[in-house]
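Take a look at the structure set out below.
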Amino acid sequence: MMTESQLDLMLPPTPARKTAAKTVGDRLRALLATGVVRIVLVGIAAGTFAPVAFMVVKSFTVQDGSNAFTLRSWAAVLTGELPQAALVSLELSAIAIAVILAFGTLAAFAFAKLRFRGSQAILATIIVLMLVPGQTFIITEYFNYSHLHLIGNLPAVAMIYAATQIPFASFILTNFFRAIPEELIEAAVIDGASYPRAFWNIFLPLARPAMVTVGVLAFIGVWNDLLTALLFLPTPGARTLSVVMAASQNSRVFDVSQLMAGSLLSAIPCIIIYLIFQRQIAVGLTAGTGK
Amino acid sequence: MTMDLRRATADQPVARRRSRPATSALIHQRQFWGRLFVLPAVILVALLVVVPSLQALYYSFTDWNGRTAAWIGFENYASGLFGSPDFGRIAFNSLCVVLSVPFGVLLSVIVANLLATSAWGRNFFRGVYFLPIALSWVVIGITFSYLLSSRGPINGFLSGVGLGALGQDWLGNETTALVSIILVFNWAYFGINVVLLFTGMTTADQSITEAARLDGASGYRMLVHIVIPQVRRYIELSLIVTMAAAITQIFGLIYTMTSGGPGVSTTTLEYALYTRSFSLGHFAQGAAFGIVLFLVSLIFATVRLRAGVKADDD
């Protein structure tokens, strides 16, 4: 389905063109083009960064119109409800990540390397479950939890995050384990290692990069979630950062300066994680391209 | 080979092809540990995803109010969803957000291409563009609702450059509120898509690009005839991921920016599920919205799968 121009473009370059001397006009045009590209790139970077910069500046300025520097908002935010909420968010993500990684690596290892009868059917089901949006089951889940008196129970709510992310985690980890040569497990088992030992001593250490990707994506997912936390952790001491921030936005209790300080505070852990693991996040996002 | 072994390896073509010294005891072990290893994940997902999803499917055909449920057939879908006076506007809002995605992705393609062709400060820009992925919808929503408020900096800027007449309460008007949500959503996904597409462009076969460049192709022609065909799979991925997010993942943004208002002017299907259930107490209708959301996700996935199959064919 190639057009003629495309075919032309695919021909090997002619030496004449390659070595043609550049005129001053050509150089000027190239310079101008580079300049325009750079201006566009900088402009877009500014557009992306401006709201964040705005948050930083606003969180340090007085709200009486004088725009004087102040640490009052940060002091108020740090002595208020947010540190407790940050602990809740942290605990929630830690439990969820631990469960996702433990259950996810075990299942992925079995799918990729143990291929017992029915394993591929289970894997296919799990991949289909990646398509079910959380909203589909959140209402019935809410009533199930409510009947079992688990609303506000932190570990139980962390299990919801784990269950919703395990399909994606198993998918990524299975692909990762599949890329490890079959001979490795055969050799280990022939040498007398049991399957659990082969998993623990050989495959788990190898899976570390994939586990980092899964863990980082899970952390960002749990930390930034609003809907589940809003419904399942409504009690004052058990509210997450997102819930506290969203509530203060709606009730207008905070002033803008405090609101920005709080937003930044809640974003800082994710920004740090992002700065360290940028590459892993990108890898996780492109995992869906296949091949 | 014993009978037992052949049966056990029936669904393992790889294992069958190799003639390796495997005893039937080993195969049994493998079956045993395999099942045991997937068990925790399967139980957790079954209990917390599969069971409540099936419950939701059932309850969407009843008049469920949280306690009792009587079968009422398609009533929730007929009068609660598609027949409700708000539904037209809600579906329109969801559609607007979804249809804005191709424009956002197109812009991402152009910028990713600029980034891929210019080595200047590449890592720095990629880092900055990608940053919104670390910001939650709550943080983004809070920040932009202040930026867009009637006494906020955007109106301040407008009056500063002599366009004060354009200033207004952007989130207080039905049309501008929806446009604001759409723009902020695309702002947040712009950089993520740029990085995704940039990855595709830099991992694509460089020799074709180089050959075309030496042959004098540049700018627009280069982008349309060389770059876009090369990264087609990445563009599809960007489109599907962003559209799926537009349908099922922007609750936090709407909650903090407009709470679905004014009226229902920024209520999407996803947000309607929340208001129907937890503000109005129509849990059965909420469950029906959940099923509709699942069907929409399924359509996106089918389109993606189709696209993938087509790419494998050529």
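Letters A, B, ... go to the chains of the structure tokens in the order shown; residues in each chain start at 1; ligands are counted from 1 in the same order.
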Exercise answer, chain A residues close to chain B, 6 Å and only C-alpha atoms, as a compact mmCIF listing (two decimals) with C-alpha atoms, in the first residue's frame:
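As written to disk, out-v4.txt reads:
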# COMPACT_ATOMS: atom_id res chain seq x y z
CA LEU A 9 11.88 7.99 -0.35
CA PRO A 13 20.35 8.25 -1.29
CA PHE A 103 0.47 -13.30 44.46
CA LEU A 106 3.69 -16.77 42.07
CA ALA A 107 0.86 -16.89 39.54
CA ALA A 110 3.12 -20.90 37.25
CA LEU A 114 4.81 -24.65 35.18
CA PHE A 116 -0.16 -27.15 34.34
CA VAL A 132 -13.56 -4.94 33.82
CA GLN A 135 -16.93 0.87 38.69
CA THR A 136 -18.67 -2.26 37.46
CA PHE A 137 -18.31 -4.02 40.78
CA THR A 140 -21.89 -4.49 45.08
CA GLU A 141 -18.43 -4.70 46.63
CA ALA A 163 -7.44 -7.72 43.44
CA ASN A 224 -3.83 8.59 43.56
CA LEU A 226 -10.17 8.62 44.97
CA ALA A 246 -10.94 16.28 47.78
CA SER A 263 -1.85 19.23 47.07
CA ALA A 267 1.92 14.78 45.26
CA CYS A 270 4.58 10.28 43.69
CA ILE A 271 6.85 12.92 42.17
Near-Phe87 of chain B list (10 Å; only C-alpha atoms; drop same-chain fewer than 5 positions) as number ranges by chain: B: 79-82, 92-93, 264, 267-269, 272
Which residues, written as number ranges by chain, have at least one atom at most 7 Å from Thr70 of chain A, with only C-alpha atoms counted and residues fewer than 6 positions away on the same chain left out? A: 60-62
Go ahead and compute the interatomic distance for atom CA of Phe74 of chain B and atom CA of His282 of chain B, in Å to one decimal.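 Computing it gives 14.8 Å between the two atoms.
The spacing separating atom CA of Ala179 of chain A from atom CA of Ala121 of chain A amounts to 19.9 Å.
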Between B:Ser265, B:Val97, B:Asp169, B:Arg232, which has the minimum distance to Ala204 of chain B (counting only C-alpha atoms)?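 Closest residue, counting only C-alpha atoms: B:Arg232.
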Any idea what the distance is between atom CA of Ala158 of chain A and atom CA of Phe219 of chain A? 11.5 Å
Excluding same-chain residues fewer than 4 positions from Leu150 of chain A, what lies within 12 Å of it counting only C-alpha atoms, as a list in words? Glu141, Tyr142, Phe143, Asn144, Tyr145, Ser146, Leu154, Pro155, Ala156, Val157, Ala158, Met159, Ile160, Leu231, Phe232, Leu233, Pro234 and Thr235 of chain A
Residues at most 6 Å from Thr266 of chain B, counting only C-alpha atoms, excluding those fewer than 3 positions away in the same chain, as a PyMOL selection string? chain B and resi 178+260-261
If you count only C-alpha atoms, the residue of B:Ser100, B:Ser149, B:Ser159, B:Asn123 closest to Gly172 of chain B turns out to be B:Ser149
Test item, alpha helix (DSSP H) assignment across segment 19-177 of chain A, answer as a ChimeraX atom specification: /A:19,24-59,72-79,82-109,119-129,134-147,154-177
